[in-house]
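Raw contents of work-v2.pdb, PDB, C-alpha atoms, pLDDT in the B column:
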```
ATOM      1  CA  VAL A   1      24.621 -98.474  -8.913  1.00 65.00           C
ATOM      2  CA  SER A   2      24.733 -98.713  -5.122  1.00 69.00           C
ATOM      3  CA  LEU A   3      26.465 -96.113  -2.960  1.00 68.00           C
ATOM      4  CA  VAL A   4      27.619 -97.411   0.400  1.00 70.00           C
ATOM      5  CA  CYS A   5      28.634 -94.436   2.489  1.00 68.00           C
ATOM      6  CA  GLY A   6      29.341 -93.866   6.113  1.00 61.00           C
ATOM      7  CA  MET A   7      31.693 -93.252   8.976  1.00 59.00           C
ATOM      8  CA  SER A   8      32.573 -95.449  11.946  1.00 54.00           C
ATOM      9  CA  GLN A   9      29.584 -97.749  12.520  1.00 60.00           C
ATOM     10  CA  ASN A  10      27.072 -95.554  10.701  1.00 81.00           C
ATOM     11  CA  ILE A  11      26.593 -97.106   7.252  1.00 88.00           C
ATOM     12  CA  LYS A  12      23.990 -96.086   4.693  1.00 90.00           C
ATOM     13  CA  VAL A  13      23.101 -97.733   1.380  1.00 92.00           C
ATOM     14  CA  VAL A  14      21.744 -95.611  -1.466  1.00 93.00           C
ATOM     15  CA  VAL A  15      20.546 -97.153  -4.726  1.00 92.00           C
ATOM     16  CA  ARG A  16      20.561 -95.257  -8.009  1.00 91.00           C
ATOM     17  CA  VAL A  17      18.778 -96.598 -11.097  1.00 89.00           C
ATOM     18  CA  ARG A  18      20.255 -95.618 -14.442  1.00 83.00           C
ATOM     19  CA  PRO A  19      18.048 -94.587 -17.405  1.00 79.00           C
ATOM     20  CA  SER A  20      16.427 -97.606 -19.054  1.00 74.00           C
ATOM     21  CA  GLN A  21      17.114 -98.578 -22.661  1.00 69.00           C
ATOM     22  CA  GLY A  22      14.070-100.841 -22.820  1.00 66.00           C
ATOM     23  CA  ASP A  23      11.236-102.130 -20.691  1.00 70.00           C
ATOM     24  CA  ARG A  24      11.809-101.336 -17.027  1.00 72.00           C
ATOM     25  CA  CYS A  25      11.417-104.232 -14.612  1.00 77.00           C
ATOM     26  CA  ILE A  26      11.913-102.159 -11.472  1.00 84.00           C
ATOM     27  CA  GLU A  27      10.077 -99.230  -9.907  1.00 87.00           C
ATOM     28  CA  CYS A  28      11.449 -96.591  -7.539  1.00 89.00           C
ATOM     29  CA  ASP A  29       9.419 -95.200  -4.650  1.00 89.00           C
ATOM     30  CA  ARG A  30      11.646 -92.448  -3.308  1.00 89.00           C
ATOM     31  CA  ALA A  31       9.099 -91.217  -0.775  1.00 90.00           C
ATOM     32  CA  ASN A  32       9.189 -94.610   0.966  1.00 92.00           C
ATOM     33  CA  LYS A  33      12.818 -95.327  -0.004  1.00 93.00           C
ATOM     34  CA  THR A  34      11.943 -98.629  -1.657  1.00 93.00           C
ATOM     35  CA  LEU A  35      12.688-100.489  -4.884  1.00 91.00           C
ATOM     36  CA  VAL A  36       9.755-102.530  -6.171  1.00 89.00           C
ATOM     37  CA  LEU A  37       9.840-105.547  -8.482  1.00 87.00           C
ATOM     38  CA  PRO A  38       6.253-105.581  -9.783  1.00 81.00           C
ATOM     39  CA  ARG A  39       6.446-108.954 -11.527  1.00 81.00           C
ATOM     40  CA  VAL A  40       7.274-110.834  -8.337  1.00 83.00           C
ATOM     41  CA  ARG A  41       5.589-108.368  -5.969  1.00 81.00           C
ATOM     42  CA  GLN A  42       8.785-107.878  -3.999  1.00 89.00           C
ATOM     43  CA  GLN A  43      10.112-104.665  -2.481  1.00 90.00           C
ATOM     44  CA  TYR A  44      13.425-103.689  -0.880  1.00 92.00           C
ATOM     45  CA  ILE A  45      13.976-100.818   1.543  1.00 94.00           C
ATOM     46  CA  PHE A  46      17.155 -98.703   1.488  1.00 93.00           C
ATOM     47  CA  ASP A  47      18.396 -95.512   3.139  1.00 92.00           C
ATOM     48  CA  ASP A  48      17.593 -93.673  -0.083  1.00 93.00           C
ATOM     49  CA  VAL A  49      16.499 -94.521  -3.614  1.00 93.00           C
ATOM     50  CA  CYS A  50      17.256 -92.450  -6.717  1.00 91.00           C
ATOM     51  CA  ASP A  51      15.366 -93.027  -9.958  1.00 89.00           C
ATOM     52  CA  ASP A  52      16.645 -92.107 -13.403  1.00 87.00           C
ATOM     53  CA  LYS A  53      15.368 -88.524 -13.040  1.00 89.00           C
ATOM     54  CA  VAL A  54      17.557 -87.745 -10.018  1.00 91.00           C
ATOM     55  CA  THR A  55      20.377 -85.374 -10.969  1.00 92.00           C
ATOM     56  CA  GLN A  56      24.055 -85.464 -10.059  1.00 93.00           C
ATOM     57  CA  VAL A  57      23.436 -82.515  -7.724  1.00 94.00           C
ATOM     58  CA  GLU A  58      20.717 -84.404  -5.858  1.00 94.00           C
ATOM     59  CA  VAL A  59      22.949 -87.454  -5.443  1.00 94.00           C
ATOM     60  CA  TYR A  60      25.689 -85.222  -4.055  1.00 94.00           C
ATOM     61  CA  GLN A  61      23.304 -83.670  -1.540  1.00 94.00           C
ATOM     62  CA  ILE A  62      22.714 -87.131  -0.066  1.00 93.00           C
ATOM     63  CA  ILE A  63      26.374 -87.596   0.837  1.00 93.00           C
ATOM     64  CA  GLU A  64      27.134 -83.941   1.601  1.00 93.00           C
ATOM     65  CA  PRO A  65      26.861 -84.366   5.425  1.00 92.00           C
ATOM     66  CA  LEU A  66      29.945 -86.594   5.295  1.00 93.00           C
ATOM     67  CA  ILE A  67      32.073 -83.526   4.506  1.00 94.00           C
ATOM     68  CA  ASN A  68      31.382 -81.943   7.889  1.00 91.00           C
ATOM     69  CA  SER A  69      32.065 -85.273   9.594  1.00 92.00           C
ATOM     70  CA  PHE A  70      35.398 -85.469   7.761  1.00 94.00           C
ATOM     71  CA  LEU A  71      36.280 -81.929   8.871  1.00 92.00           C
ATOM     72  CA  ASP A  72      35.342 -82.819  12.457  1.00 91.00           C
ATOM     73  CA  GLY A  73      37.982 -85.551  12.487  1.00 90.00           C
ATOM     74  CA  TYR A  74      36.001 -88.637  11.484  1.00 91.00           C
ATOM     75  CA  ASN A  75      36.966 -91.057   8.732  1.00 92.00           C
ATOM     76  CA  ALA A  76      34.452 -91.426   5.902  1.00 93.00           C
ATOM     77  CA  THR A  77      34.118 -93.735   2.909  1.00 94.00           C
ATOM     78  CA  ILE A  78      31.915 -93.910  -0.168  1.00 94.00           C
ATOM     79  CA  PHE A  79      31.753 -97.128  -2.213  1.00 91.00           C
ATOM     80  CA  ALA A  80      30.229 -97.205  -5.704  1.00 90.00           C
ATOM     81  CA  TYR A  81      29.135-100.783  -6.359  1.00 90.00           C
ATOM     82  CA  GLY A  82      27.254-102.299  -9.276  1.00 88.00           C
ATOM     83  CA  GLN A  83      27.315-104.080 -12.586  1.00 84.00           C
ATOM     84  CA  THR A  84      29.457-102.959 -15.503  1.00 80.00           C
ATOM     85  CA  GLY A  85      27.758-100.014 -17.212  1.00 81.00           C
ATOM     86  CA  SER A  86      25.483 -99.224 -14.273  1.00 83.00           C
ATOM     87  CA  GLY A  87      27.009 -95.759 -13.798  1.00 84.00           C
ATOM     88  CA  LYS A  88      29.496 -96.188 -10.938  1.00 87.00           C
ATOM     89  CA  THR A  89      32.285 -94.063 -12.412  1.00 85.00           C
ATOM     90  CA  HIS A  90      29.769 -91.492 -13.687  1.00 87.00           C
ATOM     91  CA  THR A  91      28.200 -91.177 -10.236  1.00 90.00           C
ATOM     92  CA  MET A  92      31.514 -91.094  -8.378  1.00 90.00           C
ATOM     93  CA  GLY A  93      33.065 -88.699 -10.896  1.00 85.00           C
ATOM     94  CA  THR A  94      36.561 -90.185 -11.034  1.00 78.00           C
ATOM     95  CA  ALA A  95      36.669 -89.765 -14.829  1.00 70.00           C
ATOM     96  CA  ASN A  96      35.237 -86.232 -15.037  1.00 68.00           C
ATOM     97  CA  THR A  97      37.209 -83.449 -13.363  1.00 67.00           C
ATOM     98  CA  GLU A  98      35.103 -80.653 -14.849  1.00 70.00           C
ATOM     99  CA  HIS A  99      32.893 -78.755 -12.413  1.00 72.00           C
ATOM    100  CA  ASN A 100      29.670 -78.768 -14.412  1.00 79.00           C
ATOM    101  CA  ASP A 101      26.142 -80.176 -14.162  1.00 82.00           C
ATOM    102  CA  ASP A 102      27.443 -83.630 -15.082  1.00 86.00           C
ATOM    103  CA  ALA A 103      30.156 -83.684 -12.404  1.00 89.00           C
ATOM    104  CA  GLY A 104      30.036 -86.587  -9.974  1.00 91.00           C
ATOM    105  CA  ILE A 105      30.468 -86.819  -6.223  1.00 93.00           C
ATOM    106  CA  LEU A 106      34.262 -86.497  -5.992  1.00 93.00           C
ATOM    107  CA  PRO A 107      34.680 -83.284  -8.070  1.00 92.00           C
ATOM    108  CA  ARG A 108      31.855 -81.679  -6.102  1.00 94.00           C
ATOM    109  CA  VAL A 109      33.430 -82.666  -2.788  1.00 95.00           C
ATOM    110  CA  LEU A 110      36.745 -81.109  -3.822  1.00 94.00           C
ATOM    111  CA  HIS A 111      35.113 -77.834  -4.890  1.00 93.00           C
ATOM    112  CA  HIS A 112      33.106 -77.695  -1.657  1.00 94.00           C
ATOM    113  CA  LEU A 113      35.853 -78.805   0.702  1.00 94.00           C
ATOM    114  CA  PHE A 114      38.699 -76.355   0.160  1.00 94.00           C
ATOM    115  CA  PRO A 115      36.694 -73.147   0.797  1.00 93.00           C
ATOM    116  CA  LEU A 116      35.463 -74.744   4.035  1.00 91.00           C
ATOM    117  CA  LEU A 117      39.041 -75.557   5.043  1.00 90.00           C
ATOM    118  CA  GLU A 118      40.160 -72.011   4.302  1.00 88.00           C
ATOM    119  CA  LYS A 119      37.291 -70.621   6.375  1.00 87.00           C
ATOM    120  CA  ARG A 120      38.088 -72.888   9.343  1.00 81.00           C
ATOM    121  CA  GLU A 121      41.737 -71.952   9.170  1.00 80.00           C
ATOM    122  CA  GLN A 122      40.903 -68.243   9.230  1.00 81.00           C
ATOM    123  CA  GLU A 123      38.395 -68.532  12.060  1.00 77.00           C
ATOM    124  CA  GLY A 124      40.307 -70.944  14.275  1.00 70.00           C
ATOM    125  CA  GLY A 125      43.861 -70.085  13.455  1.00 61.00           C
ATOM    126  CA  SER A 126      44.674 -73.765  13.017  1.00 68.00           C
ATOM    127  CA  GLY A 127      47.091 -75.233  10.527  1.00 83.00           C
ATOM    128  CA  VAL A 128      45.649 -77.466   7.835  1.00 88.00           C
ATOM    129  CA  GLU A 129      47.467 -80.063   5.735  1.00 92.00           C
ATOM    130  CA  MET A 130      45.724 -81.974   2.967  1.00 95.00           C
ATOM    131  CA  ALA A 131      47.210 -84.790   0.921  1.00 96.00           C
ATOM    132  CA  VAL A 132      45.812 -87.097  -1.753  1.00 96.00           C
ATOM    133  CA  SER A 133      46.617 -90.628  -2.830  1.00 95.00           C
ATOM    134  CA  PHE A 134      45.193 -92.697  -5.682  1.00 94.00           C
ATOM    135  CA  LEU A 135      45.498 -96.481  -5.718  1.00 92.00           C
ATOM    136  CA  GLU A 136      44.272 -99.257  -7.939  1.00 91.00           C
ATOM    137  CA  ILE A 137      43.614-102.882  -7.038  1.00 89.00           C
ATOM    138  CA  TYR A 138      44.106-104.997 -10.137  1.00 84.00           C
ATOM    139  CA  ASN A 139      44.420-108.789 -10.126  1.00 81.00           C
ATOM    140  CA  GLU A 140      44.708-108.634  -6.322  1.00 80.00           C
ATOM    141  CA  GLU A 141      47.746-106.341  -6.531  1.00 84.00           C
ATOM    142  CA  LEU A 142      48.018-102.749  -5.263  1.00 87.00           C
ATOM    143  CA  VAL A 143      49.137-100.254  -7.900  1.00 89.00           C
ATOM    144  CA  ASP A 144      50.052 -96.618  -7.222  1.00 92.00           C
ATOM    145  CA  LEU A 145      48.327 -94.494  -9.871  1.00 92.00           C
ATOM    146  CA  LEU A 146      50.417 -91.433  -8.948  1.00 92.00           C
ATOM    147  CA  SER A 147      53.795 -93.146  -9.269  1.00 88.00           C
ATOM    148  CA  ASP A 148      55.634 -95.835 -11.209  1.00 80.00           C
ATOM    149  CA  SER A 149      56.447 -97.559  -7.932  1.00 69.00           C
ATOM    150  CA  THR A 150      54.681-100.865  -7.325  1.00 65.00           C
ATOM    151  CA  ALA A 151      56.264-101.703  -3.974  1.00 74.00           C
ATOM    152  CA  ILE A 152      53.250-101.081  -1.752  1.00 84.00           C
ATOM    153  CA  ARG A 153      52.852-103.117   1.428  1.00 83.00           C
ATOM    154  CA  VAL A 154      49.826-103.335   3.689  1.00 85.00           C
ATOM    155  CA  VAL A 155      50.890-103.340   7.350  1.00 86.00           C
ATOM    156  CA  GLU A 156      49.082-103.179  10.670  1.00 84.00           C
ATOM    157  CA  ASP A 157      50.242-101.167  13.659  1.00 78.00           C
ATOM    158  CA  PRO A 158      50.410-103.752  16.486  1.00 82.00           C
ATOM    159  CA  ARG A 159      49.568-101.093  19.078  1.00 81.00           C
ATOM    160  CA  THR A 160      46.674 -99.231  17.463  1.00 75.00           C
ATOM    161  CA  LYS A 161      45.598-101.938  14.960  1.00 76.00           C
ATOM    162  CA  ALA A 162      45.479 -99.200  12.318  1.00 76.00           C
ATOM    163  CA  ILE A 163      46.176-100.208   8.722  1.00 79.00           C
ATOM    164  CA  ALA A 164      48.893 -98.376   6.787  1.00 81.00           C
ATOM    165  CA  LEU A 165      50.118 -98.593   3.190  1.00 83.00           C
ATOM    166  CA  LEU A 166      53.889 -98.412   3.024  1.00 84.00           C
ATOM    167  CA  GLY A 167      55.229 -97.037  -0.239  1.00 83.00           C
ATOM    168  CA  ALA A 168      52.012 -95.374  -1.408  1.00 88.00           C
ATOM    169  CA  THR A 169      52.462 -91.862  -2.799  1.00 91.00           C
ATOM    170  CA  GLU A 170      50.801 -89.034  -0.892  1.00 93.00           C
ATOM    171  CA  GLU A 171      50.861 -85.639  -2.592  1.00 95.00           C
ATOM    172  CA  ARG A 172      50.269 -82.414  -0.628  1.00 96.00           C
ATOM    173  CA  VAL A 173      47.555 -80.209  -2.122  1.00 96.00           C
ATOM    174  CA  GLY A 174      46.427 -76.716  -1.230  1.00 93.00           C
ATOM    175  CA  SER A 175      43.538 -76.224  -3.640  1.00 93.00           C
ATOM    176  CA  ALA A 176      40.855 -78.076  -5.549  1.00 93.00           C
ATOM    177  CA  GLN A 177      42.792 -77.447  -8.770  1.00 93.00           C
ATOM    178  CA  GLU A 178      45.867 -79.233  -7.414  1.00 95.00           C
ATOM    179  CA  ALA A 179      43.740 -82.169  -6.241  1.00 94.00           C
ATOM    180  CA  PHE A 180      42.088 -82.328  -9.663  1.00 92.00           C
ATOM    181  CA  ALA A 181      45.478 -82.572 -11.341  1.00 93.00           C
ATOM    182  CA  TYR A 182      46.290 -85.740  -9.382  1.00 93.00           C
ATOM    183  CA  LEU A 183      42.793 -87.148  -9.916  1.00 92.00           C
ATOM    184  CA  GLU A 184      43.223 -86.614 -13.655  1.00 90.00           C
ATOM    185  CA  GLN A 185      46.694 -88.165 -13.638  1.00 90.00           C
ATOM    186  CA  GLY A 186      45.537 -91.263 -11.774  1.00 89.00           C
ATOM    187  CA  SER A 187      42.372 -91.668 -13.844  1.00 86.00           C
ATOM    188  CA  TYR A 188      44.471 -91.635 -16.999  1.00 85.00           C
ATOM    189  CA  ASN A 189      46.646 -94.440 -15.600  1.00 83.00           C
ATOM    190  CA  ARG A 190      43.707 -96.591 -14.488  1.00 77.00           C
ATOM    191  CA  ARG A 191      43.138 -99.825 -16.379  1.00 65.00           C
ATOM    192  CA  VAL A 192      40.112 -99.892 -18.639  1.00 54.00           C
ATOM    193  CA  ALA A 193      39.202-102.373 -21.349  1.00 40.00           C
ATOM    194  CA  SER A 194      36.420-103.139 -23.762  1.00 35.00           C
ATOM    195  CA  THR A 195      34.050-105.897 -22.658  1.00 37.00           C
ATOM    196  CA  SER A 196      30.848-107.325 -24.079  1.00 36.00           C
ATOM    197  CA  MET A 197      28.923-105.113 -21.620  1.00 36.00           C
ATOM    198  CA  ASN A 198      30.832-101.802 -21.768  1.00 35.00           C
ATOM    199  CA  ALA A 199      33.255-100.336 -24.321  1.00 34.00           C
ATOM    200  CA  THR A 200      35.327 -98.567 -21.642  1.00 40.00           C
ATOM    201  CA  SER A 201      34.837-100.744 -18.590  1.00 43.00           C
ATOM    202  CA  SER A 202      36.951-100.142 -15.484  1.00 54.00           C
ATOM    203  CA  ARG A 203      38.670-103.458 -14.873  1.00 64.00           C
ATOM    204  CA  SER A 204      40.050-102.526 -11.456  1.00 82.00           C
ATOM    205  CA  HIS A 205      39.019-101.069  -8.114  1.00 88.00           C
ATOM    206  CA  ALA A 206      40.118 -97.430  -7.712  1.00 91.00           C
ATOM    207  CA  ILE A 207      40.590 -95.739  -4.327  1.00 93.00           C
ATOM    208  CA  PHE A 208      41.079 -91.966  -4.172  1.00 95.00           C
ATOM    209  CA  THR A 209      41.853 -90.809  -0.624  1.00 96.00           C
ATOM    210  CA  LEU A 210      41.902 -87.374   0.983  1.00 96.00           C
ATOM    211  CA  SER A 211      44.069 -87.251   4.122  1.00 95.00           C
ATOM    212  CA  LEU A 212      43.512 -84.270   6.402  1.00 95.00           C
ATOM    213  CA  VAL A 213      45.540 -83.112   9.412  1.00 92.00           C
ATOM    214  CA  GLN A 214      44.309 -80.120  11.432  1.00 88.00           C
ATOM    215  CA  ARG A 215      46.609 -78.642  14.057  1.00 82.00           C
ATOM    216  CA  GLY A 216      45.392 -76.387  16.851  1.00 73.00           C
ATOM    217  CA  SER A 217      46.468 -72.790  17.330  1.00 67.00           C
ATOM    218  CA  SER A 218      48.396 -73.733  20.495  1.00 65.00           C
ATOM    219  CA  ASP A 219      50.829 -76.488  21.443  1.00 64.00           C
ATOM    220  CA  ILE A 220      48.314 -77.810  23.986  1.00 61.00           C
ATOM    221  CA  GLU A 221      45.673 -78.677  21.395  1.00 64.00           C
ATOM    222  CA  GLU A 222      45.958 -82.095  19.798  1.00 75.00           C
ATOM    223  CA  ALA A 223      46.060 -82.464  16.042  1.00 82.00           C
ATOM    224  CA  LYS A 224      43.052 -84.063  14.365  1.00 87.00           C
ATOM    225  CA  SER A 225      43.567 -86.439  11.459  1.00 90.00           C
ATOM    226  CA  SER A 226      40.928 -87.972   9.225  1.00 93.00           C
ATOM    227  CA  LYS A 227      40.616 -89.685   5.867  1.00 93.00           C
ATOM    228  CA  PHE A 228      37.931 -89.597   3.199  1.00 95.00           C
ATOM    229  CA  HIS A 229      37.996 -92.573   0.813  1.00 95.00           C
ATOM    230  CA  PHE A 230      36.228 -92.657  -2.561  1.00 94.00           C
ATOM    231  CA  VAL A 231      36.081 -96.217  -3.867  1.00 93.00           C
ATOM    232  CA  ASP A 232      35.013 -96.894  -7.455  1.00 90.00           C
ATOM    233  CA  LEU A 233      34.727-100.677  -7.680  1.00 88.00           C
ATOM    234  CA  ALA A 234      35.095-102.769 -10.819  1.00 84.00           C
ATOM    235  CA  GLY A 235      31.951-104.357 -12.247  1.00 76.00           C
ATOM    236  CA  SER A 236      30.281-106.780  -9.841  1.00 65.00           C
ATOM    237  CA  GLU A 237      29.134-109.274 -12.482  1.00 48.00           C
ATOM    238  CA  ARG A 238      30.780-112.591 -13.254  1.00 49.00           C
ATOM    239  CA  ALA A 239      33.550-112.697 -15.837  1.00 46.00           C
ATOM    240  CA  LYS A 240      31.469-114.850 -18.206  1.00 45.00           C
ATOM    241  CA  SER A 241      28.970-111.976 -18.538  1.00 45.00           C
ATOM    242  CA  THR A 242      31.621-109.543 -19.798  1.00 42.00           C
ATOM    243  CA  GLN A 243      33.862-112.075 -21.565  1.00 44.00           C
ATOM    244  CA  ALA A 244      36.771-110.162 -19.994  1.00 43.00           C
ATOM    245  CA  THR A 245      40.117-111.839 -19.412  1.00 43.00           C
TER
END
```
Target format structure tokens, applied to this file:
Amino acid sequence: VSLVCGMSQNIKVVVRVRPSQGDRCIECDRANKTLVLPRVRQQYIFDDVCDDKVTQVEVYQIIEPLINSFLDGYNATIFAYGQTGSGKTHTMGTANTEHNDDAGILPRVLHHLFPLLEKREQEGGSGVEMAVSFLEIYNEELVDLLSDSTAIRVVEDPRTKAIALLGATEERVGSAQEAFAYLEQGSYNRRVASTSMNATSSRSHAIFTLSLVQRGSSDIEEAKSSKFHFVDLAGSERAKSTQAT
């Protein structure tokens, strides 16, 4: 699975290799951040490389700096990209809301984020508003996983060129537990199906978004708004490999 994470123009690519069920044809050199294909004597350099011994905690520590960027008012995004069964949903954590050793990136972010928000609010006296949305892209259509409504339109602000989703549900949350409830609800509604490569394959792209607005303690201070997107993509292989319809 590949994690593409970043903010603004700063993009990093992290590769994670899942445990092998047979002979391994790839080697990880984490010290030099390279993947090596011994048979063809080819190597590829990435921003980080995680072998099958790297834990969920260690993966989270790689993306952890994005939380402070998000709190400072910058938009951030993490993409999980890879073949069906490569561990995208496991790594991202959109199907496991338990805070345990097996928890993925998203549950860990939620548990880490809200205490930081509470601390900033106490120290700075600023008002904080957090909302979540959960969308699915299936057969090139946008589906709201938190609502039965399907009337979602993508529009562009002609002045700022910012993209907005009209009709998408945004739910206010004040704790990690409340955010987890919506993550669980949306994950339950997400489309999965059995394929020849994975018994419970995600057949859609899922986008869980945290929207944060921070208001200053005085009327003079401008409000800061930022978004943190967690994108769990469907399998990257061709349809003939999965025999999915």
Output of the PyMOL selection byres ((chain A and resi 123-134) around 6), listed as a ChimeraX atom specification: /A:120-122,135,145,169-173,207-217
Written selection (C-alpha atoms) as a CSV table (one decimal), in the frame of the given file:
```csv
chain,number,residue,atom,x,y,z
A,120,ARG,CA,38.1,-72.9,9.3
A,121,GLU,CA,41.7,-72.0,9.2
A,122,GLN,CA,40.9,-68.2,9.2
A,135,LEU,CA,45.5,-96.5,-5.7
A,145,LEU,CA,48.3,-94.5,-9.9
A,169,THR,CA,52.5,-91.9,-2.8
A,170,GLU,CA,50.8,-89.0,-0.9
A,171,GLU,CA,50.9,-85.6,-2.6
A,172,ARG,CA,50.3,-82.4,-0.6
A,173,VAL,CA,47.6,-80.2,-2.1
A,207,ILE,CA,40.6,-95.7,-4.3
A,208,PHE,CA,41.1,-92.0,-4.2
A,209,THR,CA,41.9,-90.8,-0.6
A,210,LEU,CA,41.9,-87.4,1.0
A,211,SER,CA,44.1,-87.3,4.1
A,212,LEU,CA,43.5,-84.3,6.4
A,213,VAL,CA,45.5,-83.1,9.4
A,214,GLN,CA,44.3,-80.1,11.4
A,215,ARG,CA,46.6,-78.6,14.1
A,216,GLY,CA,45.4,-76.4,16.9
A,217,SER,CA,46.5,-72.8,17.3
```
Test item: the PyMOL selection byres ((chain A and resi 88-98) around 8) resolved as a list in words: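 What the PyMOL selection byres ((chain A and resi 88-98) around 8) grabs from the file is Val1, Ser2, Gln56, Ala80, Tyr81, Gly82, Gly85, Ser86, Gly87, His99, Asn100, Ala103, Gly104, Ile105, Leu106, Pro107, Phe180, Leu183, Glu184, Ser187, Phe230, Asp232 and Leu233 of chain A.
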Interatomic distance, atom CA of Arg30 of chain A to atom CA of Val17 of chain A (Å, one decimal): 11.3 Å
d(atom CA of Asp101 of chain A, atom CA of Asp23 of chain A) in Å: 27.3 Å
Given only C-alpha atoms as the counted atoms, nearest of A:Gln43, A:His111, A:Pro19, A:Asp48 to Ala31 of chain A: A:Asp48
Nearest to Leu165 of chain A by atom-to-atom distance, counting all atoms listed in the file, from A:Glu118, A:Asp47, A:Asp144, A:Asp72: A:Asp144
Pairwise distance for atom CA of Thr77 of chain A and atom CA of Asn10 of chain A, rounded to one decimal in Å: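 According to the coordinates, atom CA of Thr77 of chain A and atom CA of Asn10 of chain A are separated by 10.7 Å.
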Residue with smallest distance to Gln185 of chain A - pool A:Val154, A:Leu146, A:Leu117, A:Val54, counting all atoms listed in the file: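 Checking each candidate against Gln185 of chain A, we get A:Leu146 as the closest.
Counting only C-alpha atoms and comparing A:Glu141, A:Arg16, A:Lys33, A:Leu66, the residue that lies closest to Cys50 of chain A is A:Arg16.
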Reference answer for the PyMOL selection byres ((chain A and resi 64) around 12), as a PyMOL selection string: chain A and resi 5-6+57-63+65-71+76+78+105-106+108-113
Neighbouring residues of Val4 of chain A were defined as those with any atom within 7 Å, considering only C-alpha atoms; residues of the same chain fewer than 5 positions away were excluded. Please report them as a compact mmCIF listing (two decimals) with C-alpha atoms, in the frame of the given file.
```txt
# COMPACT_ATOMS: atom_id res chain seq x y z
CA ILE A 11 26.59 -97.11 7.25
CA LYS A 12 23.99 -96.09 4.69
CA VAL A 13 23.10 -97.73 1.38
CA VAL A 14 21.74 -95.61 -1.47
CA ILE A 78 31.92 -93.91 -0.17
CA PHE A 79 31.75 -97.13 -2.21
CA ALA A 80 30.23 -97.20 -5.70
```
Nearest-residue call for Ser225 of chain A, choices A:Tyr74, A:Phe114, A:Ala176, A:Phe46, using all atoms listed in the file: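 Closest candidate: A:Tyr74.
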